[in-house]
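A.B. asks: Pasting my_file.json below, which is JSON, C-alpha atoms and all ligand atoms.
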```
[["chain", "number", "residue", "atom", "x", "y", "z"],
["A", 1, "MET", "CA", 111.10, 170.84, 73.79],
["A", 2, "THR", "CA", 113.32, 167.91, 74.51],
["A", 3, "SER", "CA", 113.25, 166.13, 77.80],
["A", 4, "THR", "CA", 116.47, 164.77, 79.17],
["A", 5, "THR", "CA", 116.28, 161.63, 81.19],
["A", 6, "THR", "CA", 118.80, 161.08, 83.90],
["A", 7, "SER", "CA", 119.49, 157.61, 85.12],
["A", 8, "ALA", "CA", 120.37, 157.41, 88.76],
["A", 9, "ALA", "CA", 121.53, 153.83, 88.25],
["A", 10, "THR", "CA", 124.51, 154.84, 86.12],
["A", 11, "PRO", "CA", 127.45, 155.97, 88.26],
["A", 12, "VAL", "CA", 129.48, 158.87, 87.00],
["A", 13, "VAL", "CA", 133.02, 157.71, 86.39],
["A", 14, "ALA", "CA", 135.35, 160.63, 85.89],
["A", 15, "HIS", "CA", 138.31, 158.85, 84.33],
["A", 16, "GLY", "CA", 136.39, 156.58, 81.99],
["A", 17, "LEU", "CA", 137.62, 153.39, 83.60],
["A", 18, "PRO", "CA", 135.27, 150.85, 85.19],
["A", 19, "GLY", "CA", 136.64, 151.64, 88.62],
["A", 20, "PRO", "CA", 135.47, 154.33, 91.00],
["A", 21, "ALA", "CA", 136.67, 157.88, 90.49],
["A", 22, "LEU", "CA", 139.67, 158.01, 92.76],
["A", 23, "ASP", "CA", 141.76, 161.12, 92.85],
["A", 24, "ALA", "CA", 144.70, 160.77, 90.42],
["A", 25, "THR", "CA", 147.18, 162.14, 92.95],
["A", 26, "LEU", "CA", 146.03, 159.67, 95.59],
["A", 27, "LEU", "CA", 146.17, 156.85, 93.06],
["A", 28, "ALA", "CA", 149.77, 157.77, 92.17],
["A", 29, "GLU", "CA", 150.70, 157.85, 95.86],
["A", 30, "LEU", "CA", 149.11, 154.47, 96.53],
["A", 31, "ARG", "CA", 150.85, 153.02, 93.48],
["A", 32, "ALA", "CA", 154.20, 154.25, 94.80],
["A", 33, "VAL", "CA", 153.50, 152.70, 98.23],
["A", 34, "LEU", "CA", 152.46, 149.39, 96.66],
["A", 35, "GLU", "CA", 155.47, 149.29, 94.35],
["A", 36, "GLU", "CA", 157.77, 149.97, 97.29],
["A", 37, "THR", "CA", 156.13, 147.20, 99.34],
["A", 38, "ARG", "CA", 156.33, 144.77, 96.44],
["A", 39, "ASP", "CA", 159.97, 145.54, 95.60],
["A", 40, "ASP", "CA", 160.98, 145.55, 99.26],
["A", 41, "ARG", "CA", 159.42, 142.14, 100.01],
["A", 42, "ARG", "CA", 160.66, 140.70, 96.74],
["A", 43, "HIS", "CA", 164.18, 141.81, 97.61],
["A", 44, "LEU", "CA", 163.86, 140.36, 101.10],
["A", 45, "LEU", "CA", 162.67, 137.00, 99.77],
["A", 46, "GLN", "CA", 165.37, 136.91, 97.10],
["A", 47, "SER", "CA", 168.08, 137.66, 99.65],
["A", 48, "LEU", "CA", 167.15, 134.69, 101.85],
["A", 49, "THR", "CA", 170.00, 132.26, 102.11],
["A", 50, "ALA", "CA", 169.64, 128.50, 101.87],
["A", 51, "GLU", "CA", 170.27, 128.29, 105.61],
["A", 52, "GLU", "CA", 167.51, 130.76, 106.37],
["A", 53, "LEU", "CA", 165.11, 128.79, 104.20],
["A", 54, "ARG", "CA", 166.15, 125.55, 105.90],
["A", 55, "ALA", "CA", 165.78, 127.20, 109.32],
["A", 56, "ALA", "CA", 162.17, 128.01, 108.47],
["A", 57, "ASP", "CA", 161.44, 124.28, 108.50],
["A", 58, "THR", "CA", 162.15, 124.10, 112.20],
["A", 59, "ASP", "CA", 161.79, 127.73, 113.37],
["A", 60, "PRO", "CA", 158.16, 128.89, 113.40],
["A", 61, "ALA", "CA", 159.21, 132.55, 113.76],
["A", 62, "ALA", "CA", 161.42, 132.38, 110.68],
["A", 63, "ALA", "CA", 158.66, 130.57, 108.79],
["A", 64, "ALA", "CA", 156.15, 133.23, 109.81],
["A", 65, "ARG", "CA", 158.44, 136.02, 108.59],
["A", 66, "ILE", "CA", 158.79, 134.38, 105.19],
["A", 67, "THR", "CA", 155.06, 133.66, 104.95],
["A", 68, "SER", "CA", 154.19, 137.24, 105.84],
["A", 69, "ALA", "CA", 156.69, 138.64, 103.31],
["A", 70, "ARG", "CA", 155.24, 136.36, 100.61],
["A", 71, "ARG", "CA", 151.71, 137.42, 101.50],
["A", 72, "ALA", "CA", 152.59, 141.14, 101.47],
["A", 73, "LEU", "CA", 154.33, 140.70, 98.11],
["A", 74, "GLY", "CA", 151.29, 138.93, 96.68],
["A", 75, "GLU", "CA", 148.85, 141.50, 98.04],
["A", 76, "ALA", "CA", 150.86, 144.42, 96.67],
["A", 77, "ALA", "CA", 151.29, 142.73, 93.27],
["A", 78, "ASP", "CA", 147.55, 141.95, 93.11],
["A", 79, "ALA", "CA", 146.64, 145.54, 93.97],
["A", 80, "LEU", "CA", 149.00, 146.83, 91.25],
["A", 81, "ALA", "CA", 147.43, 144.41, 88.77],
["A", 82, "ARG", "CA", 143.98, 145.78, 89.70],
["A", 83, "MET", "CA", 145.31, 149.31, 89.11],
["A", 84, "ASP", "CA", 146.47, 148.31, 85.64],
["A", 85, "ALA", "CA", 143.11, 146.64, 84.97],
["A", 86, "GLY", "CA", 141.21, 149.72, 86.15],
["A", 87, "THR", "CA", 139.41, 147.86, 88.93],
["A", 88, "PHE", "CA", 141.50, 149.18, 91.81],
["A", 89, "GLY", "CA", 139.29, 150.50, 94.61],
["A", 90, "LEU", "CA", 136.45, 148.09, 93.82],
["A", 91, "CYS", "CA", 135.69, 145.25, 96.20],
["A", 92, "VAL", "CA", 136.68, 141.95, 94.56],
["A", 93, "HIS", "CA", 133.71, 140.25, 96.25],
["A", 94, "CYS", "CA", 130.75, 142.62, 95.80],
["A", 95, "GLN", "CA", 132.24, 145.08, 93.25],
["A", 96, "GLY", "CA", 131.24, 147.93, 95.54],
["A", 97, "ALA", "CA", 133.56, 150.89, 95.97],
["A", 98, "ILE", "CA", 136.09, 150.57, 98.78],
["A", 99, "PRO", "CA", 136.09, 153.78, 100.84],
["A", 100, "GLN", "CA", 139.05, 156.03, 100.08],
["A", 101, "GLU", "CA", 140.03, 156.19, 103.77],
["A", 102, "ARG", "CA", 140.37, 152.40, 103.78],
["A", 103, "LEU", "CA", 142.64, 152.47, 100.73],
["A", 104, "GLU", "CA", 144.78, 155.18, 102.29],
["A", 105, "PHE", "CA", 145.19, 153.00, 105.37],
["A", 106, "LEU", "CA", 145.45, 149.68, 103.50],
["A", 107, "PRO", "CA", 146.47, 150.32, 99.87],
["A", 108, "HIS", "CA", 146.37, 146.59, 99.11],
["A", 109, "ALA", "CA", 142.81, 146.16, 100.42],
["A", 110, "SER", "CA", 140.94, 143.96, 97.95],
["A", 111, "GLY", "CA", 137.59, 144.04, 99.68],
["A", 112, "CYS", "CA", 135.24, 146.50, 101.33],
["A", 113, "VAL", "CA", 134.90, 146.38, 105.12],
["A", 114, "PRO", "CA", 131.69, 144.27, 105.30],
["A", 115, "CYS", "CA", 133.03, 141.67, 102.82],
["A", 116, "SER", "CA", 136.44, 141.47, 104.51],
["A", 117, "ARG", "CA", 134.79, 141.03, 107.90],
["A", 118, "ARG", "CA", 132.63, 138.25, 106.57],
["A", 119, "ARG", "CA", 135.68, 136.45, 105.20],
["A", 120, "SER", "CA", 138.11, 136.83, 108.10],
["B", 201, "ZN", "ZN", 132.39, 144.07, 99.26]]
```
Translate this structure into structure tokens?

C.D. replies:
Amino acid sequence: MTSTTTSAATPVVAHGLPGPALDATLLAELRAVLEETRDDRRHLLQSLTAEELRAADTDPAAAARITSARRALGEAADALARMDAGTFGLCVHCQGAIPQERLEFLPHASGCVPCSRRRS
């Protein structure tokens, strides 16, 4: 007779990566969304003319548009880097799993809801 011990502390990770077991189809969809966001914002920022950049010095609305495009580009690139590292879907603050519904709504989300609330 052999007794098998099960450890409840060890999470079952289906794909062998340190991240949570996210559905592969969902992951591919989120990657496509993030890549589109990244490429789109990158293109927008690259197509800014010198005048538009100068205008941002005096026009708060133009400055805000550029800032928001830069932020979106950074968030999408960071999320894609986490995908490559296998940590996508894990909160960067508490390492807890980010709920799938949150990722579907905000693919670039880097934190779970409680951590993001604490930091905003
Ligand atoms: Zn968290």

A.B. asks: Tell me, in Å to one decimal, how far CA of Leu80 (chain A) is from CA of Leu106 (chain A).

C.D. replies: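 So the two atoms, CA of Leu80 (chain A) and CA of Leu106 (chain A), lie 13.1 Å apart.
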
A.B. asks: For each of A:Arg82, A:Arg102, A:His93, A:His43, take the minimum atom-to-atom distance to ligand ZN 201 (chain B), counting all atoms listed in the file, then give the residue where this is smallest.

C.D. replies: A:His93

A.B. asks: With 9 Å as the cut-off and all atoms listed in the file counted, what is the closest atom pair between each nearby residue of chain A and ligand ZN 201 (chain B)? Distances in Å to one decimal, ordered by chain and number, as a Markdown table.

C.D. replies:
```
| residue | atom | partner | partner_atom | distance |
| --- | --- | --- | --- | --- |
| A:Leu90 | CA | B:ZN201 | ZN | 7.9 |
| A:Cys91 | CA | B:ZN201 | ZN | 4.7 |
| A:Val92 | CA | B:ZN201 | ZN | 6.7 |
| A:His93 | CA | B:ZN201 | ZN | 5.0 |
| A:Cys94 | CA | B:ZN201 | ZN | 4.1 |
| A:Gln95 | CA | B:ZN201 | ZN | 6.1 |
| A:Gly96 | CA | B:ZN201 | ZN | 5.5 |
| A:Ala97 | CA | B:ZN201 | ZN | 7.7 |
| A:Ile98 | CA | B:ZN201 | ZN | 7.5 |
| A:Ser110 | CA | B:ZN201 | ZN | 8.7 |
| A:Gly111 | CA | B:ZN201 | ZN | 5.2 |
| A:Cys112 | CA | B:ZN201 | ZN | 4.3 |
| A:Val113 | CA | B:ZN201 | ZN | 6.8 |
| A:Pro114 | CA | B:ZN201 | ZN | 6.1 |
| A:Cys115 | CA | B:ZN201 | ZN | 4.3 |
| A:Ser116 | CA | B:ZN201 | ZN | 7.1 |
```

A.B. asks: If I take CA of Ala77 (chain A) and CA of Pro107 (chain A), how far is one from the other in Å, to one decimal?

C.D. replies: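 We find that CA of Ala77 (chain A) and CA of Pro107 (chain A) lie 11.2 Å from each other.
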
A.B. asks: Smallest atom-to-atom distance to Glu75 (chain A): which of A:Ala109, A:Ala32, A:Leu27, A:Ala21, using all atoms listed in the file?

C.D. replies: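 Counting all atoms listed in the file, the residue closest to Glu75 (chain A) is A:Ala109.
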
A.B. asks: Rounded to one decimal, what separation in Å do you get between CA of Glu51 (chain A) and CA of Arg65 (chain A)?

C.D. replies: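 Answer for the CA of Glu51 (chain A) to CA of Arg65 (chain A) separation: 14.4 Å.
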
A.B. asks: Could you check the closest approach to Ala24 (chain A) for each of A:Ala76, A:Leu45, A:Met83, A:Ala64 and tell me which residue wins, using only C-alpha atoms?

C.D. replies: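 Among the listed residues, A:Met83 lies closest to Ala24 (chain A).
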